[in-house]
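Colleague: I have a structure here, written as structure tokens, and I will follow up with some questions on it.
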Amino acid sequence: MQKYDAVVIGAGNGGLVAAIRLLQGGAKTLVVEKHNLPGGFATSFRRGRFEFEASLHELNDFGAANNAGDLRVLFDELGVTDKIDWIQIPEAYRVISRAEKLDATMPFGVKDFIDKMESYVPGSRESVTKFFELAEEVRHAQAYSSAVNGNTDSKVMVGKYGNFVRAGSYSVNEVLSALKMPKKARDILNAYWCYLGAHCDDLSFVHYASMVNRYIMRGASMPKMRSHEISLALAERIRELGGELLFNTEAVKIMTDDKDGGVIGIVLDDGTQIDTRHVVANCAPHIVYGKMMEKVPEQEIRAMNARKFAGRGFTMFLGLDADADSLGIENHNYFLYDTMDTAAQYDKMRTIKDNSVQATVCLNRAYPECSPKGTCMMYFTTLYMSDDWGNIDAGNYFKTKDYVANKMIDRFEQDTGAKLRGHIEEISVATPMTYARYCGHPQGVIYGYESQYWDGLMPRLLMMAEDHKIRGLRFAGGYAMRLSGYSSAYFSGDISGRQTIGDIKREG
């Protein structure tokens, strides 16, 4: 039986970072991945002469060398920043909503953002300024909580981060209303909500404020060679540090001790047993507890089932035989909504028939050379807030894919004035079934568990110690304490990797 100090199951974003942290802490580490490539959703694929980004729209909180965000600091510590060729995204977003007849394009930079908001909504400056001041306090409070692994001192929290404590249990809309922000300004500010997959009546303010603040303050970045460039850099770093990666290899069982219920090893799909007392699982607890472990504490099952699956993914990829200028594609990142009432929009996203939301990216607006000269690429993404795709029988599957794809193209052309039809050279469509098959996520969920105010970012971070019930088992990725998203997944791997090193040291 082979022996390792720790095994990471899954070479997604969180798992790769966890492995580097384990190796930096001196642990003999193995990464097991059932696919033949690292990265999970952080990958790319080719169709014809186009190389499409599989999932990343833009990476927040990275920043430039002279304005480094927390993610860049993490990548510096991991030793991978210089292995990746970065580009900057030109503007934050353009949001178009039919019900409100809203069309606003927002810049990066807090001052520029506030100035632009004032131009769209005269009289909004004071409330939007207060929002960013509060969001910055949230960021510092989160940094403090992470530094002490969630074991915060209440006196420090109240004394240094009092406004954070006051806002901590409220939703986005409750706090924006308390700030007396005009409705149109709230609508424009709330455009990012679909990136977290929960509507603003239910979404934790501190989670949303943290994300928006990091985006606007630091700007957004993208690897030139798509997100797979990050995945390859992380995998290379693991090998440099002496770690081992097994691809085309699935972990099918986590073995536990009959006495304390803790981890004692894993079993691979070929029957090989690996001896280890520590596992970081970069996969859904539903998979780990439902398929990989025989004895799971009842409280873990209850906690898992109390949580709600977030959005199921649908993405259409277009390779177009004309450039963005000639097609009328003006921006990098679009949000197209029926209404800025996020709760009403969320409900419409439960069904295939009613959902016409899309977050759409044209990478050429950030990196003109990402496709051959005279062409451009686009990614159209939406979420389904229920398992409505599970109601589609096999005979209607391809017809339904075509229905949604056509609806997305029509919507984009109608709302922006761009002309795409007649220029589609390549098209590929990924449904929730595609995501379920590719990464094994239940129902094709791409956002982990939904971020609700009672189970959002800060409650998860503050409950890390209480959530750790099985000795030797921790989680990383979109289902872990930092919830979904690229940056969040990387930080979850950082936290779980460092915590596991602490566990190993305590065991002696």
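Chain lettering (A, B, ...) mirrors the order of the structure tokens, residue numbering begins at 1 for each chain separately, and ligand numbering begins at 1 in order of display.
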Using only C-alpha atoms, determine which residues lie at most 12 Å from Pro432 (chain A), disregarding the query and same-chain residues fewer than 5 positions distant; provide the list as a PyMOL selection string.
Modeller: chain A and resi 311-316+352+381-392+397+401+437-447
Colleague: How would the residues just picked look written out with N, CA and C atoms as a compact mmCIF listing (two decimals), in the first residue's frame?
Modeller:
# COMPACT_ATOMS: atom_id res chain seq x y z
N GLY A 311 -27.01 27.47 -9.29
CA GLY A 311 -27.36 27.39 -10.70
C GLY A 311 -26.76 26.23 -11.45
N ARG A 312 -27.60 25.65 -12.34
CA ARG A 312 -27.14 24.65 -13.30
C ARG A 312 -26.73 25.38 -14.56
N GLY A 313 -25.62 24.98 -15.16
CA GLY A 313 -25.02 25.77 -16.22
C GLY A 313 -25.51 25.44 -17.62
N PHE A 314 -25.56 26.47 -18.45
CA PHE A 314 -25.80 26.33 -19.89
C PHE A 314 -24.93 27.38 -20.58
N THR A 315 -24.10 26.93 -21.52
CA THR A 315 -23.22 27.85 -22.23
C THR A 315 -23.22 27.54 -23.72
N MET A 316 -23.32 28.59 -24.51
CA MET A 316 -23.19 28.47 -25.97
C MET A 316 -21.91 29.19 -26.40
N ILE A 352 -36.87 26.29 -18.51
CA ILE A 352 -36.30 26.51 -19.84
C ILE A 352 -37.15 27.49 -20.63
N THR A 381 -23.78 32.56 -21.51
CA THR A 381 -24.02 31.70 -20.35
C THR A 381 -25.31 32.08 -19.65
N THR A 382 -26.04 31.06 -19.20
CA THR A 382 -27.17 31.30 -18.31
C THR A 382 -27.21 30.22 -17.25
N LEU A 383 -28.03 30.44 -16.24
CA LEU A 383 -28.21 29.49 -15.14
C LEU A 383 -29.65 29.06 -15.07
N TYR A 384 -29.87 27.83 -14.62
CA TYR A 384 -31.21 27.34 -14.34
C TYR A 384 -31.31 27.06 -12.85
N MET A 385 -32.31 27.67 -12.21
CA MET A 385 -32.43 27.61 -10.76
C MET A 385 -33.26 26.42 -10.28
N SER A 386 -33.51 25.50 -11.16
CA SER A 386 -34.12 24.22 -10.80
C SER A 386 -33.58 23.18 -11.79
N ASP A 387 -33.95 21.94 -11.57
CA ASP A 387 -33.49 20.86 -12.44
C ASP A 387 -34.46 20.66 -13.61
N ASP A 388 -34.85 21.74 -14.29
CA ASP A 388 -35.82 21.62 -15.37
C ASP A 388 -35.27 20.82 -16.54
N TRP A 389 -33.96 20.83 -16.74
CA TRP A 389 -33.38 20.01 -17.81
C TRP A 389 -33.57 18.51 -17.53
N GLY A 390 -33.76 18.16 -16.27
CA GLY A 390 -34.03 16.76 -15.95
C GLY A 390 -35.38 16.30 -16.44
N ASN A 391 -36.24 17.25 -16.84
CA ASN A 391 -37.56 16.90 -17.37
C ASN A 391 -37.55 16.67 -18.88
N ILE A 392 -36.40 16.91 -19.54
CA ILE A 392 -36.30 16.75 -20.99
C ILE A 392 -35.95 15.30 -21.32
N TYR A 397 -33.90 16.26 -26.52
CA TYR A 397 -32.72 16.92 -25.96
C TYR A 397 -32.09 17.89 -26.97
N LYS A 401 -31.83 22.04 -26.97
CA LYS A 401 -30.57 22.78 -27.09
C LYS A 401 -30.67 23.85 -28.17
N ARG A 437 -21.81 15.42 -16.85
CA ARG A 437 -20.96 14.35 -17.39
C ARG A 437 -19.48 14.71 -17.28
N TYR A 438 -19.16 15.99 -17.53
CA TYR A 438 -17.75 16.39 -17.59
C TYR A 438 -17.10 16.39 -16.22
N CYS A 439 -17.79 16.92 -15.21
CA CYS A 439 -17.17 17.04 -13.88
C CYS A 439 -17.91 16.27 -12.79
N GLY A 440 -18.97 15.57 -13.14
CA GLY A 440 -19.66 14.76 -12.15
C GLY A 440 -20.50 15.55 -11.17
N HIS A 441 -20.79 16.81 -11.48
CA HIS A 441 -21.56 17.62 -10.55
C HIS A 441 -23.04 17.24 -10.60
N PRO A 442 -23.69 17.09 -9.46
CA PRO A 442 -25.11 16.73 -9.45
C PRO A 442 -25.94 17.74 -10.24
N GLN A 443 -26.80 17.26 -11.11
CA GLN A 443 -27.73 18.06 -11.90
C GLN A 443 -27.04 19.08 -12.81
N GLY A 444 -25.73 18.96 -12.99
CA GLY A 444 -25.02 19.93 -13.82
C GLY A 444 -24.81 21.26 -13.12
N VAL A 445 -24.81 21.27 -11.80
CA VAL A 445 -24.59 22.48 -11.02
C VAL A 445 -23.16 22.98 -11.25
N ILE A 446 -23.01 24.26 -11.55
CA ILE A 446 -21.67 24.83 -11.72
C ILE A 446 -21.33 25.85 -10.64
N TYR A 447 -22.28 26.13 -9.72
CA TYR A 447 -22.07 27.15 -8.69
C TYR A 447 -22.06 26.58 -7.28
Colleague: Write out as a PyMOL selection string the residues lying within 6 Å of region 331-334 of chain A, counting only C-alpha atoms and excluding same-chain residues fewer than 6 positions away.
Modeller: chain A and resi 93-95+359-362+365
Colleague: Would you list the contacts of Pro297 (chain A) as an MDAnalysis selection string, taking every protein, DNA or RNA residue within 8 Å and counting only C-alpha atoms, but skipping same-chain residues closer than 3 positions in sequence?
Modeller: chainID A and resid 300:301 469:470
Colleague: Would you put the residues from that selection into a file with all heavy atoms, as a tab-separated table (two decimals), in the first residue's frame?
Modeller:
chain	number	residue	atom	x	y	z
A	300	GLU	N	-23.51	15.50	9.42
A	300	GLU	CA	-22.97	15.89	8.13
A	300	GLU	C	-24.01	15.73	7.02
A	300	GLU	O	-24.12	16.58	6.13
A	300	GLU	CB	-21.72	15.07	7.79
A	300	GLU	CG	-20.50	15.42	8.61
A	300	GLU	CD	-19.97	16.81	8.28
A	300	GLU	OE1	-19.17	16.95	7.34
A	300	GLU	OE2	-20.38	17.77	8.96
A	301	ILE	N	-24.75	14.64	7.09
A	301	ILE	CA	-25.82	14.41	6.10
A	301	ILE	C	-26.89	15.49	6.22
A	301	ILE	O	-27.37	16.04	5.21
A	301	ILE	CB	-26.45	13.02	6.30
A	301	ILE	CG1	-25.39	11.90	6.13
A	301	ILE	CG2	-27.60	12.82	5.32
A	301	ILE	CD1	-24.80	11.82	4.75
A	469	LYS	N	-16.08	17.93	10.82
A	469	LYS	CA	-16.57	16.87	11.72
A	469	LYS	C	-15.84	15.54	11.52
A	469	LYS	O	-15.83	14.70	12.42
A	469	LYS	CB	-18.07	16.66	11.50
A	469	LYS	CG	-18.94	17.88	11.80
A	469	LYS	CD	-18.86	18.28	13.26
A	469	LYS	CE	-19.81	19.41	13.58
A	469	LYS	NZ	-19.67	19.90	14.96
A	470	ILE	N	-15.30	15.30	10.34
A	470	ILE	CA	-14.65	14.02	10.06
A	470	ILE	C	-13.15	14.24	10.05
A	470	ILE	O	-12.63	15.01	9.23
A	470	ILE	CB	-15.13	13.45	8.70
A	470	ILE	CG1	-16.64	13.24	8.73
A	470	ILE	CG2	-14.39	12.16	8.37
A	470	ILE	CD1	-17.23	12.81	7.39
Colleague: Which residues come within 6 Å of Glu58 (chain A), counting only C-alpha atoms, excluding same-chain residues fewer than 2 positions away, as a PyMOL selection string?
Modeller: chain A and resi 56+220-222
Colleague: List every residue of region 33-159 of chain A that DSSP, applied to the backbone, labels as alpha helix (DSSP H), and write the result as a VMD selection string.
Modeller: chain A and resid 70 to 78 110 to 120 125 to 147 154 to 159
Colleague: Just the strand (DSSP E or B) stuff from region 210-369 of chain A, please, per backbone DSSP, written as JSON, numbers by chain.
Modeller: {"A": [220, 221, 222, 223, 244, 245, 246, 251, 252, 253, 254, 255, 256, 263, 264, 265, 266, 267, 268, 273, 274, 275, 279, 280, 281, 309, 312, 313, 314, 315, 316, 317, 318, 319, 320, 333, 334, 335, 336, 337, 358, 359, 360, 361, 362]}
Colleague: For Tyr170 (chain A), find every residue with an atom within 7 Å (counting only C-alpha atoms), except residues of its own chain fewer than 5 positions away, and show them as a PyMOL selection string.
Modeller: chain A and resi 175+204-205+453
Colleague: Would you mind exporting the chosen residues as a PDB file, in the first residue's frame, restricted to N, CA and C atoms?
Modeller:
ATOM      1  N   VAL A 175     -29.546  46.281   2.787  1.00  0.00           N
ATOM      2  CA  VAL A 175     -28.489  47.238   3.105  1.00  0.00           C
ATOM      3  C   VAL A 175     -28.499  48.411   2.128  1.00  0.00           C
ATOM      4  N   SER A 204     -26.467  37.356   0.656  1.00  0.00           N
ATOM      5  CA  SER A 204     -25.772  38.053   1.738  1.00  0.00           C
ATOM      6  C   SER A 204     -25.106  39.330   1.218  1.00  0.00           C
ATOM      7  N   PHE A 205     -25.369  40.439   1.894  1.00  0.00           N
ATOM      8  CA  PHE A 205     -24.761  41.707   1.487  1.00  0.00           C
ATOM      9  C   PHE A 205     -23.241  41.622   1.538  1.00  0.00           C
ATOM     10  N   TYR A 453     -28.259  34.329   2.630  1.00  0.00           N
ATOM     11  CA  TYR A 453     -27.707  35.137   3.719  1.00  0.00           C
ATOM     12  C   TYR A 453     -27.441  34.315   4.977  1.00  0.00           C
TER      13      TYR A 453
END
Colleague: Restricting the calculation to only C-alpha atoms: of A:Glu507, A:Asp325, A:Glu413, A:Glu33, which residue gets closest to Phe247 (chain A)?
Modeller: A:Glu33
Colleague: Quick one: residues within 9 Å of Leu189 (chain A), only C-alpha atoms, excluding same-chain residues fewer than 6 positions away - as a CSV table (one decimal) with N, CA and C atoms, in the first residue's frame?
Modeller:
chain,number,residue,atom,x,y,z
A,117,MET,N,-21.9,56.4,-12.3
A,117,MET,CA,-23.2,56.2,-11.7
A,117,MET,C,-23.9,57.5,-11.5
A,128,VAL,N,-23.6,55.6,-3.1
A,128,VAL,CA,-22.7,54.7,-3.8
A,128,VAL,C,-21.3,54.8,-3.1
A,212,VAL,N,-18.1,42.7,-5.5
A,212,VAL,CA,-18.2,43.9,-6.3
A,212,VAL,C,-17.0,44.8,-6.1
Colleague: Mind checking which residues fall within 9 Å of region 37-47 of chain A, counting only C-alpha atoms, ignoring those fewer than 3 positions away in the same chain, and posting them as a ChimeraX atom specification?
Modeller: /A:10-13,15-16,33-34,50-56,225-232,234-235,247-248,319,426-428,435,438-439,446,486
Colleague: May I have the selected residues written with N, CA and C atoms, as an mmCIF file, in the first residue's frame?
Modeller:
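Result went into out-v7.cif, see below:
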data_model
loop_
_atom_site.group_PDB
_atom_site.id
_atom_site.type_symbol
_atom_site.label_atom_id
_atom_site.label_comp_id
_atom_site.auth_asym_id
_atom_site.auth_seq_id
_atom_site.Cartn_x
_atom_site.Cartn_y
_atom_site.Cartn_z
ATOM 1 N N GLY A 10 -9.369 15.321 -7.052
ATOM 2 C CA GLY A 10 -9.873 16.306 -7.998
ATOM 3 C C GLY A 10 -8.864 17.408 -8.254
ATOM 4 N N ALA A 11 -8.487 17.593 -9.531
ATOM 5 C CA ALA A 11 -7.495 18.608 -9.899
ATOM 6 C C ALA A 11 -8.169 19.850 -10.453
ATOM 7 N N GLY A 12 -9.285 20.250 -9.835
ATOM 8 C CA GLY A 12 -9.897 21.529 -10.160
ATOM 9 C C GLY A 12 -9.142 22.660 -9.492
ATOM 10 N N ASN A 13 -9.688 23.876 -9.601
ATOM 11 C CA ASN A 13 -8.997 25.058 -9.078
ATOM 12 C C ASN A 13 -8.621 24.910 -7.609
ATOM 13 N N GLY A 15 -8.494 22.181 -5.681
ATOM 14 C CA GLY A 15 -7.627 21.050 -5.413
ATOM 15 C C GLY A 15 -6.184 21.317 -5.771
ATOM 16 N N LEU A 16 -5.946 21.997 -6.888
ATOM 17 C CA LEU A 16 -4.578 22.294 -7.313
ATOM 18 C C LEU A 16 -3.885 23.227 -6.324
ATOM 19 N N GLU A 33 -6.928 12.605 -10.293
ATOM 20 C CA GLU A 33 -7.884 13.263 -11.184
ATOM 21 C C GLU A 33 -8.404 12.262 -12.222
ATOM 22 N N LYS A 34 -9.734 12.150 -12.334
ATOM 23 C CA LYS A 34 -10.307 11.171 -13.258
ATOM 24 C C LYS A 34 -10.201 11.595 -14.723
ATOM 25 N N PHE A 50 -10.911 27.916 -33.800
ATOM 26 C CA PHE A 50 -11.131 28.679 -32.581
ATOM 27 C C PHE A 50 -10.786 27.849 -31.344
ATOM 28 N N GLU A 51 -10.113 28.502 -30.379
ATOM 29 C CA GLU A 51 -9.909 27.874 -29.073
ATOM 30 C C GLU A 51 -10.798 28.605 -28.062
ATOM 31 N N PHE A 52 -11.834 27.929 -27.595
ATOM 32 C CA PHE A 52 -12.826 28.536 -26.723
ATOM 33 C C PHE A 52 -12.442 28.378 -25.253
ATOM 34 N N GLU A 53 -12.721 29.415 -24.480
ATOM 35 C CA GLU A 53 -12.647 29.348 -23.028
ATOM 36 C C GLU A 53 -13.873 28.613 -22.516
ATOM 37 N N ALA A 54 -13.660 27.617 -21.663
ATOM 38 C CA ALA A 54 -14.777 26.778 -21.220
ATOM 39 C C ALA A 54 -15.691 27.473 -20.217
ATOM 40 N N SER A 55 -15.148 28.357 -19.370
ATOM 41 C CA SER A 55 -16.003 28.875 -18.291
ATOM 42 C C SER A 55 -15.660 30.259 -17.765
ATOM 43 N N LEU A 56 -14.413 30.681 -17.824
ATOM 44 C CA LEU A 56 -14.014 31.927 -17.164
ATOM 45 C C LEU A 56 -14.406 33.140 -17.998
ATOM 46 N N MET A 225 -3.992 32.553 -22.746
ATOM 47 C CA MET A 225 -4.270 31.211 -23.262
ATOM 48 C C MET A 225 -5.418 30.546 -22.509
ATOM 49 N N ARG A 226 -6.377 31.353 -22.067
ATOM 50 C CA ARG A 226 -7.594 30.902 -21.407
ATOM 51 C C ARG A 226 -7.283 30.371 -20.000
ATOM 52 N N SER A 227 -8.316 29.967 -19.299
ATOM 53 C CA SER A 227 -8.130 29.547 -17.907
ATOM 54 C C SER A 227 -7.251 28.307 -17.796
ATOM 55 N N HIS A 228 -7.158 27.540 -18.877
ATOM 56 C CA HIS A 228 -6.319 26.334 -18.820
ATOM 57 C C HIS A 228 -4.851 26.685 -18.600
ATOM 58 N N GLU A 229 -4.459 27.908 -18.955
ATOM 59 C CA GLU A 229 -3.093 28.347 -18.696
ATOM 60 C C GLU A 229 -2.823 28.379 -17.193
ATOM 61 N N ILE A 230 -3.817 28.799 -16.406
ATOM 62 C CA ILE A 230 -3.666 28.779 -14.945
ATOM 63 C C ILE A 230 -3.565 27.338 -14.446
ATOM 64 N N SER A 231 -4.453 26.472 -14.952
ATOM 65 C CA SER A 231 -4.455 25.075 -14.513
ATOM 66 C C SER A 231 -3.116 24.404 -14.782
ATOM 67 N N LEU A 232 -2.554 24.640 -15.970
ATOM 68 C CA LEU A 232 -1.265 24.036 -16.319
ATOM 69 C C LEU A 232 -0.143 24.602 -15.448
ATOM 70 N N LEU A 234 -0.428 25.721 -12.351
ATOM 71 C CA LEU A 234 -0.560 25.126 -11.022
ATOM 72 C C LEU A 234 -0.055 23.681 -11.016
ATOM 73 N N ALA A 235 -0.396 22.910 -12.064
ATOM 74 C CA ALA A 235 0.069 21.523 -12.152
ATOM 75 C C ALA A 235 1.590 21.461 -12.264
ATOM 76 N N PHE A 247 -3.455 11.301 -13.525
ATOM 77 C CA PHE A 247 -4.605 11.596 -14.365
ATOM 78 C C PHE A 247 -5.222 10.290 -14.858
ATOM 79 N N ASN A 248 -6.401 10.398 -15.449
ATOM 80 C CA ASN A 248 -7.148 9.207 -15.879
ATOM 81 C C ASN A 248 -7.310 8.207 -14.732
ATOM 82 N N GLY A 319 -18.045 30.823 -32.741
ATOM 83 C CA GLY A 319 -16.913 31.329 -33.508
ATOM 84 C C GLY A 319 -17.468 32.017 -34.737
ATOM 85 N N GLU A 426 -18.553 28.417 -36.199
ATOM 86 C CA GLU A 426 -18.521 27.293 -35.269
ATOM 87 C C GLU A 426 -19.510 27.562 -34.140
ATOM 88 N N ILE A 427 -20.189 26.512 -33.712
ATOM 89 C CA ILE A 427 -21.091 26.630 -32.559
ATOM 90 C C ILE A 427 -21.001 25.359 -31.736
ATOM 91 N N SER A 428 -20.946 25.530 -30.429
ATOM 92 C CA SER A 428 -20.948 24.390 -29.510
ATOM 93 C C SER A 428 -21.806 24.775 -28.315
ATOM 94 N N TYR A 435 -22.260 19.429 -18.225
ATOM 95 C CA TYR A 435 -21.472 19.713 -17.024
ATOM 96 C C TYR A 435 -21.514 18.557 -16.035
ATOM 97 N N TYR A 438 -19.157 15.986 -17.533
ATOM 98 C CA TYR A 438 -17.749 16.391 -17.589
ATOM 99 C C TYR A 438 -17.097 16.392 -16.222
ATOM 100 N N CYS A 439 -17.785 16.915 -15.214
ATOM 101 C CA CYS A 439 -17.172 17.036 -13.883
ATOM 102 C C CYS A 439 -17.906 16.271 -12.794
ATOM 103 N N ILE A 446 -23.009 24.265 -11.547
ATOM 104 C CA ILE A 446 -21.672 24.829 -11.722
ATOM 105 C C ILE A 446 -21.334 25.847 -10.635
ATOM 106 N N TYR A 486 -14.153 31.421 -9.518
ATOM 107 C CA TYR A 486 -12.732 31.105 -9.673
ATOM 108 C C TYR A 486 -11.918 31.552 -8.468
#
Colleague: Kindly assemble as JSON lines a list of the region 120-193 of chain A residues that lie within 10 Å of region 336-347 of chain A, each paired with its nearest atom pair and their distance in Å to one decimal, using only C-alpha atoms, sorted first by chain and then by ascending residue number.
Modeller:
{"residue": "A:Asn173", "atom": "CA", "partner": "A:Thr342", "partner_atom": "CA", "distance": 9.8}
{"residue": "A:Lys183", "atom": "CA", "partner": "A:Met340", "partner_atom": "CA", "distance": 9.8}
{"residue": "A:Lys184", "atom": "CA", "partner": "A:Met340", "partner_atom": "CA", "distance": 9.1}
{"residue": "A:Arg186", "atom": "CA", "partner": "A:Met340", "partner_atom": "CA", "distance": 9.0}
{"residue": "A:Asp187", "atom": "CA", "partner": "A:Met340", "partner_atom": "CA", "distance": 5.7}
{"residue": "A:Ile188", "atom": "CA", "partner": "A:Met340", "partner_atom": "CA", "distance": 8.3}
{"residue": "A:Asn190", "atom": "CA", "partner": "A:Met340", "partner_atom": "CA", "distance": 7.9}
{"residue": "A:Ala191", "atom": "CA", "partner": "A:Met340", "partner_atom": "CA", "distance": 7.8}
{"residue": "A:Trp193", "atom": "CA", "partner": "A:Thr342", "partner_atom": "CA", "distance": 7.8}
Colleague: From the options A:Gly109, A:Gly63, A:Gly197, A:Gly162, which residue's atoms come nearest to Glu450 (chain A), counting only C-alpha atoms?
Modeller: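 Distance minimum relative to Glu450 (chain A) lands on A:Gly197.
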Colleague: Identify which of the residues A:Ala68, A:Val296, A:Asp415, A:Ile264 lies closest to Leu102 (chain A), counting only C-alpha atoms when measuring atom-to-atom distances.
Modeller: A:Asp415
